[in-house]
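> For reference, this is data_37.cif, and it has mmCIF, C-alpha atoms.
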data_start
#
loop_
_atom_site.group_PDB
_atom_site.id
_atom_site.type_symbol
_atom_site.label_atom_id
_atom_site.label_comp_id
_atom_site.auth_asym_id
_atom_site.auth_seq_id
_atom_site.Cartn_x
_atom_site.Cartn_y
_atom_site.Cartn_z
ATOM 1 C CA MET A 1 -19.600 -18.218 16.554
ATOM 2 C CA THR A 2 -15.967 -18.403 17.671
ATOM 3 C CA ILE A 3 -13.283 -15.979 16.545
ATOM 4 C CA ARG A 4 -11.646 -18.792 14.592
ATOM 5 C CA ARG A 5 -14.864 -19.579 12.746
ATOM 6 C CA ILE A 6 -15.368 -15.897 11.915
ATOM 7 C CA VAL A 7 -11.867 -15.766 10.424
ATOM 8 C CA GLN A 8 -12.439 -18.876 8.332
ATOM 9 C CA LEU A 9 -15.786 -17.492 7.165
ATOM 10 C CA SER A 10 -14.007 -14.340 6.007
ATOM 11 C CA VAL A 11 -11.540 -16.374 3.965
ATOM 12 C CA VAL A 12 -14.417 -18.329 2.438
ATOM 13 C CA LEU A 13 -16.195 -15.050 1.650
ATOM 14 C CA LEU A 14 -13.177 -13.800 -0.237
ATOM 15 C CA ALA A 15 -13.242 -16.915 -2.366
ATOM 16 C CA ALA A 16 -16.979 -16.712 -2.933
ATOM 17 C CA ALA A 17 -17.831 -13.021 -2.929
ATOM 18 C CA ALA A 18 -14.686 -11.857 -4.684
ATOM 19 C CA GLY A 19 -14.699 -14.812 -7.051
ATOM 20 C CA ALA A 20 -11.266 -16.008 -6.013
ATOM 21 C CA CYS A 21 -9.955 -18.535 -8.492
ATOM 22 C CA LEU A 22 -7.803 -20.942 -6.516
ATOM 23 C CA SER A 23 -6.687 -22.997 -9.468
ATOM 24 C CA SER A 24 -3.125 -24.109 -9.960
ATOM 25 C CA THR A 25 -0.922 -23.435 -12.943
ATOM 26 C CA ALA A 26 2.221 -24.832 -11.335
ATOM 27 C CA PRO A 27 2.664 -26.683 -8.013
ATOM 28 C CA LYS A 28 5.349 -24.351 -6.670
ATOM 29 C CA SER A 29 5.537 -23.140 -3.097
ATOM 30 C CA SER A 30 4.721 -19.458 -2.553
ATOM 31 C CA PRO A 31 3.941 -17.159 0.395
ATOM 32 C CA TYR A 32 0.249 -16.420 0.956
ATOM 33 C CA GLY A 33 -1.067 -14.002 3.571
ATOM 34 C CA TYR A 34 -4.553 -13.096 4.803
ATOM 35 C CA LEU A 35 -5.496 -10.274 7.129
ATOM 36 C CA THR A 36 -9.139 -10.011 8.127
ATOM 37 C CA VAL A 37 -11.047 -7.188 9.801
ATOM 38 C CA VAL A 38 -14.413 -8.466 11.055
ATOM 39 C CA ALA A 39 -16.875 -6.034 12.635
ATOM 40 C CA GLN A 40 -18.233 -6.971 16.078
ATOM 41 C CA LYS A 41 -20.680 -5.148 18.347
ATOM 42 C CA ALA A 42 -19.287 -3.719 21.572
ATOM 43 C CA GLY A 43 -21.797 -1.704 23.583
ATOM 44 C CA THR A 44 -23.117 1.061 21.350
ATOM 45 C CA GLY A 45 -20.123 0.887 19.011
ATOM 46 C CA TYR A 46 -17.923 -1.575 17.166
ATOM 47 C CA VAL A 47 -14.582 -3.270 17.515
ATOM 48 C CA ALA A 48 -12.540 -4.971 14.822
ATOM 49 C CA SER A 49 -11.515 -8.574 15.220
ATOM 50 C CA THR A 50 -8.237 -8.318 13.314
ATOM 51 C CA ILE A 51 -6.335 -11.511 12.570
ATOM 52 C CA GLY A 52 -3.468 -12.291 10.204
ATOM 53 C CA SER A 53 -2.469 -15.700 8.881
ATOM 54 C CA PHE A 54 0.542 -16.441 6.683
ATOM 55 C CA PHE A 55 1.362 -19.673 4.867
ATOM 56 C CA ASP A 56 3.816 -21.404 2.606
ATOM 57 C CA ALA A 57 1.461 -22.892 0.042
ATOM 58 C CA SER A 58 1.650 -24.695 -3.261
ATOM 59 C CA GLY A 59 -1.059 -25.114 -5.873
ATOM 60 C CA LEU A 60 -3.259 -22.173 -4.856
ATOM 61 C CA GLY A 61 -2.654 -20.125 -7.986
ATOM 62 C CA ALA A 62 -3.542 -16.442 -8.265
ATOM 63 C CA PRO A 63 -6.681 -15.043 -6.614
ATOM 64 C CA SER A 64 -8.941 -12.985 -8.840
ATOM 65 C CA VAL A 65 -11.032 -9.991 -7.794
ATOM 66 C CA ILE A 66 -13.597 -10.529 -10.572
ATOM 67 C CA THR A 67 -17.008 -10.847 -8.927
ATOM 68 C CA PRO A 68 -20.039 -12.620 -10.450
ATOM 69 C CA TRP A 69 -22.392 -9.868 -9.278
ATOM 70 C CA ASP A 70 -26.172 -10.265 -9.174
ATOM 71 C CA SER A 71 -26.182 -14.036 -9.095
ATOM 72 C CA CYS A 72 -27.784 -16.631 -6.816
ATOM 73 C CA ARG A 73 -27.387 -20.353 -6.360
ATOM 74 C CA ALA A 74 -28.911 -23.055 -4.167
ATOM 75 C CA GLN A 75 -26.492 -25.113 -2.107
ATOM 76 C CA ASN A 76 -26.085 -27.143 1.042
ATOM 77 C CA TYR A 77 -25.293 -25.269 4.234
ATOM 78 C CA ALA A 78 -23.181 -26.305 7.207
ATOM 79 C CA PRO A 79 -21.783 -24.056 9.960
ATOM 80 C CA ALA A 80 -18.180 -23.007 9.342
ATOM 81 C CA SER A 81 -15.830 -25.680 10.620
ATOM 82 C CA ASN A 82 -12.676 -25.142 12.654
ATOM 83 C CA VAL A 83 -10.521 -26.518 9.853
ATOM 84 C CA GLY A 84 -8.396 -23.723 8.416
ATOM 85 C CA PHE A 85 -5.491 -23.263 6.052
ATOM 86 C CA GLY A 86 -3.136 -24.017 8.940
ATOM 87 C CA GLU A 87 -4.255 -27.647 8.892
ATOM 88 C CA VAL A 88 -3.198 -27.886 5.234
ATOM 89 C CA PHE A 89 -0.281 -25.484 4.751
ATOM 90 C CA PRO A 90 2.571 -24.665 7.164
ATOM 91 C CA SER A 91 2.465 -21.288 8.881
ATOM 92 C CA VAL A 92 5.341 -18.902 8.271
ATOM 93 C CA SER A 93 6.507 -15.838 10.163
ATOM 94 C CA ALA A 94 5.590 -12.362 8.931
ATOM 95 C CA GLY A 95 7.714 -10.648 11.582
ATOM 96 C CA ALA A 96 7.592 -9.936 15.313
ATOM 97 C CA PHE A 97 4.335 -7.976 14.991
ATOM 98 C CA ILE A 98 2.087 -6.345 12.380
ATOM 99 C CA GLN A 99 1.076 -2.710 12.655
ATOM 100 C CA VAL A 100 -2.610 -1.959 11.968
ATOM 101 C CA ARG A 101 -3.904 1.604 11.851
ATOM 102 C CA LEU A 102 -7.694 1.887 11.848
ATOM 103 C CA GLY A 103 -8.957 5.440 11.472
ATOM 104 C CA ALA A 104 -6.825 7.535 13.830
ATOM 105 C CA ARG A 105 -5.811 4.627 16.070
ATOM 106 C CA THR A 106 -2.666 2.523 15.655
ATOM 107 C CA ASP A 107 -2.403 -0.951 17.200
ATOM 108 C CA SER A 108 -0.262 -4.013 16.760
ATOM 109 C CA ILE A 109 -1.159 -7.671 16.413
ATOM 110 C CA PHE A 110 1.214 -10.388 17.580
ATOM 111 C CA PRO A 111 1.805 -14.049 16.717
ATOM 112 C CA VAL A 112 0.062 -16.691 18.831
ATOM 113 C CA VAL A 113 -0.311 -20.410 18.228
ATOM 114 C CA VAL A 114 -3.895 -21.456 17.494
ATOM 115 C CA GLY A 115 -4.235 -25.175 16.918
ATOM 116 C CA THR A 116 -1.649 -26.112 14.313
ATOM 117 C CA GLU A 117 -1.137 -22.630 12.889
ATOM 118 C CA THR A 118 0.239 -19.274 13.964
ATOM 119 C CA GLN A 119 -2.134 -16.309 13.818
ATOM 120 C CA TYR A 120 -1.435 -12.634 14.427
ATOM 121 C CA ARG A 121 -3.978 -11.269 16.939
ATOM 122 C CA ALA A 122 -4.583 -8.221 19.078
ATOM 123 C CA ARG A 123 -3.858 -8.559 22.799
ATOM 124 C CA THR A 124 -7.221 -6.965 23.574
ATOM 125 C CA ASN A 125 -10.775 -8.045 22.737
ATOM 126 C CA GLY A 126 -10.918 -6.151 19.485
ATOM 127 C CA ILE A 127 -9.714 -2.751 18.278
ATOM 128 C CA PRO A 128 -12.292 0.075 18.578
ATOM 129 C CA TYR A 129 -13.135 1.575 15.179
ATOM 130 C CA THR A 130 -15.931 2.843 12.968
ATOM 131 C CA PRO A 131 -16.856 0.492 10.110
ATOM 132 C CA GLY A 132 -15.835 2.239 6.910
ATOM 133 C CA ASP A 133 -12.646 3.662 8.449
ATOM 134 C CA SER A 134 -9.494 3.593 6.367
ATOM 135 C CA VAL A 135 -6.918 0.974 7.305
ATOM 136 C CA SER A 136 -3.147 0.970 6.956
ATOM 137 C CA ILE A 137 -1.273 -2.308 7.385
ATOM 138 C CA VAL A 138 2.498 -2.724 7.706
ATOM 139 C CA VAL A 139 3.822 -6.285 7.611
ATOM 140 C CA PRO A 140 7.578 -6.216 8.394
ATOM 141 C CA GLY A 141 8.166 -9.692 6.990
ATOM 142 C CA THR A 142 11.310 -11.773 7.333
ATOM 143 C CA ALA A 143 14.167 -12.630 5.001
ATOM 144 C CA SER A 144 13.316 -16.331 4.860
ATOM 145 C CA ASP A 145 9.520 -16.541 5.343
ATOM 146 C CA TYR A 146 6.829 -14.013 4.391
ATOM 147 C CA PRO A 147 8.101 -10.857 2.634
ATOM 148 C CA ALA A 148 7.464 -7.307 3.824
ATOM 149 C CA VAL A 149 4.310 -5.615 2.521
ATOM 150 C CA SER A 150 2.405 -2.372 3.182
ATOM 151 C CA LEU A 151 -1.203 -1.707 2.193
ATOM 152 C CA ARG A 152 -3.821 1.028 2.528
ATOM 153 C CA ALA A 153 -7.482 0.181 2.037
ATOM 154 C CA LYS A 154 -10.988 0.850 3.296
ATOM 155 C CA THR A 155 -12.917 -1.301 5.745
ATOM 156 C CA ALA A 156 -16.471 -2.453 5.077
ATOM 157 C CA GLU A 157 -19.063 0.142 6.067
ATOM 158 C CA ALA A 158 -22.039 -0.685 8.273
ATOM 159 C CA VAL A 159 -25.022 -1.856 6.248
ATOM 160 C CA VAL A 160 -28.747 -1.508 6.942
ATOM 161 C CA MET A 161 -31.129 -3.908 5.189
ATOM 162 C CA GLN A 162 -34.819 -3.070 4.825
ATOM 163 C CA ASP A 163 -37.068 -5.789 6.210
ATOM 164 C CA PHE A 164 -38.069 -7.917 3.230
ATOM 165 C CA GLY A 165 -40.393 -10.278 5.098
ATOM 166 C CA VAL A 166 -41.487 -13.585 3.564
ATOM 167 C CA PRO A 167 -42.590 -13.415 -0.076
ATOM 168 C CA ALA A 168 -45.791 -14.923 -1.381
ATOM 169 C CA ALA A 169 -45.440 -18.242 -3.207
ATOM 170 C CA GLY A 170 -43.952 -17.712 -6.650
ATOM 171 C CA SER A 171 -42.711 -14.185 -5.889
ATOM 172 C CA ASN A 172 -39.247 -12.679 -5.985
ATOM 173 C CA ILE A 173 -37.555 -11.190 -2.938
ATOM 174 C CA ASP A 174 -36.766 -7.562 -3.680
ATOM 175 C CA LEU A 175 -33.925 -6.296 -1.504
ATOM 176 C CA GLN A 176 -33.024 -2.749 -0.545
ATOM 177 C CA TRP A 177 -30.096 -1.729 1.634
ATOM 178 C CA THR A 178 -27.754 1.186 2.278
ATOM 179 C CA ALA A 179 -25.362 1.180 -0.653
ATOM 180 C CA ALA A 180 -21.586 1.152 -0.312
ATOM 181 C CA GLN A 181 -19.744 4.438 -0.785
ATOM 182 C CA ASP A 182 -18.020 3.194 -3.934
ATOM 183 C CA GLN A 183 -18.110 0.265 -6.357
ATOM 184 C CA ASN A 184 -15.406 -1.811 -4.648
ATOM 185 C CA ALA A 185 -17.685 -3.797 -2.346
ATOM 186 C CA THR A 186 -19.902 -6.852 -2.692
ATOM 187 C CA LEU A 187 -23.042 -7.659 -0.732
ATOM 188 C CA VAL A 188 -23.540 -11.346 0.083
ATOM 189 C CA VAL A 189 -27.014 -12.558 1.079
ATOM 190 C CA ALA A 190 -27.426 -16.052 2.543
ATOM 191 C CA LEU A 191 -31.023 -17.272 2.993
ATOM 192 C CA ARG A 192 -30.667 -20.330 5.214
ATOM 193 C CA PHE A 193 -33.356 -22.910 5.912
ATOM 194 C CA ALA A 194 -34.016 -26.489 7.005
ATOM 195 C CA ILE A 195 -35.035 -29.308 4.676
ATOM 196 C CA ALA A 196 -36.342 -32.520 6.337
ATOM 197 C CA SER A 197 -34.411 -31.545 9.458
ATOM 198 C CA ASP A 198 -34.673 -29.416 12.569
ATOM 199 C CA ALA A 199 -31.301 -27.844 11.771
ATOM 200 C CA LEU A 200 -30.431 -25.372 9.035
ATOM 201 C CA ASN A 201 -28.911 -27.438 6.225
ATOM 202 C CA ALA A 202 -29.578 -25.535 2.972
ATOM 203 C CA GLN A 203 -29.211 -22.000 1.701
ATOM 204 C CA VAL A 204 -29.729 -19.666 -1.207
ATOM 205 C CA TYR A 205 -26.418 -17.845 -1.645
ATOM 206 C CA CYS A 206 -26.464 -14.562 -3.578
ATOM 207 C CA GLN A 207 -23.825 -11.971 -4.492
ATOM 208 C CA PHE A 208 -24.870 -8.473 -5.487
ATOM 209 C CA LYS A 209 -23.165 -5.348 -6.701
ATOM 210 C CA ASP A 210 -23.263 -3.207 -3.577
ATOM 211 C CA ASP A 211 -25.431 -0.452 -5.063
ATOM 212 C CA GLY A 212 -28.404 -0.769 -2.696
ATOM 213 C CA THR A 213 -30.819 -3.013 -4.627
ATOM 214 C CA GLY A 214 -30.999 -6.654 -5.645
ATOM 215 C CA THR A 215 -33.492 -9.400 -6.420
ATOM 216 C CA VAL A 216 -33.614 -13.030 -5.350
ATOM 217 C CA PRO A 217 -35.528 -14.806 -8.135
ATOM 218 C CA ALA A 218 -38.700 -16.671 -7.164
ATOM 219 C CA ARG A 219 -37.221 -20.053 -8.142
ATOM 220 C CA TYR A 220 -34.674 -19.624 -5.325
ATOM 221 C CA ALA A 221 -36.858 -17.742 -2.850
ATOM 222 C CA SER A 222 -39.807 -20.161 -2.821
ATOM 223 C CA GLU A 223 -38.202 -23.002 -0.883
ATOM 224 C CA TRP A 224 -36.799 -20.606 1.718
ATOM 225 C CA ALA A 225 -40.200 -18.961 2.096
ATOM 226 C CA ALA A 226 -41.932 -22.330 2.542
ATOM 227 C CA ALA A 227 -39.566 -23.563 5.267
ATOM 228 C CA THR A 228 -40.705 -23.374 8.889
ATOM 229 C CA ASN A 229 -37.119 -22.958 10.108
ATOM 230 C CA ARG A 230 -35.409 -20.174 8.185
ATOM 231 C CA THR A 231 -33.072 -17.253 8.761
ATOM 232 C CA TRP A 232 -30.815 -14.928 6.795
ATOM 233 C CA VAL A 233 -27.373 -13.369 7.040
ATOM 234 C CA VAL A 234 -26.154 -10.359 5.058
ATOM 235 C CA THR A 235 -22.440 -9.596 4.682
ATOM 236 C CA ARG A 236 -20.737 -6.605 3.089
ATOM 237 C CA VAL A 237 -17.314 -7.673 1.847
ATOM 238 C CA ARG A 238 -14.380 -5.494 0.877
ATOM 239 C CA SER A 239 -11.186 -7.148 -0.301
ATOM 240 C CA THR A 240 -7.869 -6.044 -1.730
ATOM 241 C CA VAL A 241 -5.430 -8.494 -3.303
ATOM 242 C CA MET A 242 -1.822 -7.604 -4.029
ATOM 243 C CA SER A 243 1.132 -9.635 -5.201
ATOM 244 C CA VAL A 244 4.260 -10.090 -3.096
ATOM 245 C CA PRO A 245 7.738 -11.380 -3.969
ATOM 246 C CA LYS A 246 8.367 -15.088 -4.561
ATOM 247 C CA GLY A 247 5.129 -15.449 -6.544
ATOM 248 C CA GLY A 248 2.805 -15.025 -3.572
ATOM 249 C CA TYR A 249 -0.126 -12.837 -2.560
ATOM 250 C CA PHE A 250 -1.468 -10.769 0.303
ATOM 251 C CA ASN A 251 -5.247 -10.640 0.754
ATOM 252 C CA PHE A 252 -6.916 -7.995 2.912
ATOM 253 C CA ILE A 253 -10.548 -8.816 3.756
ATOM 254 C CA SER A 254 -13.004 -6.658 5.693
ATOM 255 C CA THR A 255 -16.571 -7.729 6.484
ATOM 256 C CA PHE A 256 -19.662 -6.311 8.162
ATOM 257 C CA ASP A 257 -22.402 -8.823 9.018
ATOM 258 C CA LEU A 258 -26.087 -8.507 9.755
ATOM 259 C CA PRO A 259 -26.875 -9.706 12.359
ATOM 260 C CA THR A 260 -23.577 -8.373 13.723
ATOM 261 C CA PRO A 261 -21.773 -10.763 16.096
ATOM 262 C CA ALA A 262 -21.046 -9.485 19.606
ATOM 263 C CA ALA A 263 -17.455 -9.123 20.766
ATOM 264 C CA PRO A 264 -16.454 -11.827 23.275
#
Can I see the file as structure tokens?

Amino acid sequence: MTIRRIVQLSVVLLAAAAGACLSSTAPKSSPYGYLTVVAQKAGTGYVASTIGSFFDASGLGAPSVITPWDSCRAQNYAPASNVGFGEVFPSVSAGAFIQVRLGARTDSIFPVVVGTETQYRARTNGIPYTPGDSVSIVVPGTASDYPAVSLRAKTAEAVVMQDFGVPAAGSNIDLQWTAAQDQNATLVVALRFAIASDALNAQVYCQFKDDGTGTVPARYASEWAAATNRTWVVTRVRSTVMSVPKGGYFNFISTFDLPTPAAP
């Protein structure tokens, strides 16, 4: 999975796992910003793939942090595409650089052109950190584009999922994992499988309160269990949404995946 696809997956996870409501109440143009911290394996530790994207957007409305916890649905599955917000909305400047402090380490990310958008990225292959570290973000902003904003939050902790195997026909999947340290996280479970194809093309997508236990009902688990080509991905998601001047928003998103992608 490319860095760009990981970033787009994180944005999708905010919409899905945090229940973002991207409806429009008025088609006015407002500044929207996203900063993602995605955990990647690096040797025996972790680095953060930290990327910021800022847009002038109309019709997105206000994101919501209300989560439909403990719910599952069946849906089609396709690998994350390379199409991002930058193909739809124009990028705007958030300043010469953004300061990111993870734990005790302070780094900066700088604007680079990626396709048709500008993203703020580190000049190294990830910032060393411990998942669950605190994060402090300072966006200097500009007078004419994205406004200045500062935020303190917590990154997604590492998660360990007990092996749940393949359930017997007609049985639930009972899940157990290491719970989050507070109630501000969501655990997303994607059970992916192939239907009439060699490639994964369907999934059961579940969102759970991150308290360490959850159940995938048998009506959703059965088809996954019966498939010969199946896999699963678990993602802990932490997100913080705050308003900014001019009617816009800043979204901080931190994820920890199992399996955890390796740093490039």
> Apply the PyMOL selection byres ((chain A and resi 101-106) around 12) to the file shown and report the selected residues as a ChimeraX atom specification.
/A:37,47-50,98-100,107-109,122,126-139,150-156,254
> In Å, how far is it from CA of Ser58 in chain A to CA of Ala80 in chain A?
23.6 Å
> Check what the PyMOL selection byres ((chain A and resi 179-186) around 9) selects in the file above and give those residues as a PyMOL selection string.
chain A and resi 17-18+67+69+132+156-160+176-178+187-188+207-213+235-239
> Between A:Leu175, A:Ala227, A:Val92, A:Ala42, which is the closest to Val189 in chain A once you count all atoms listed in the file?
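Of the candidates, the smallest distance to Val189 in chain A is held by A:Leu175.
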> Provide the CA of Ala57 in chain A to CA of Phe250 in chain A distance in Å, to one decimal place.
12.5 Å
> Could you jot down the CA of Gln40 in chain A to CA of Ala190 in chain A separation for me, Å, one decimal place?
18.7 Å
> Would you kindly translate the PyMOL selection byres ((chain A and resi 120) around 8) into the concrete residues it picks from this file, as a VMD selection string?
chain A and resid 51 to 53 97 to 98 109 to 112 118 to 119 121 to 122
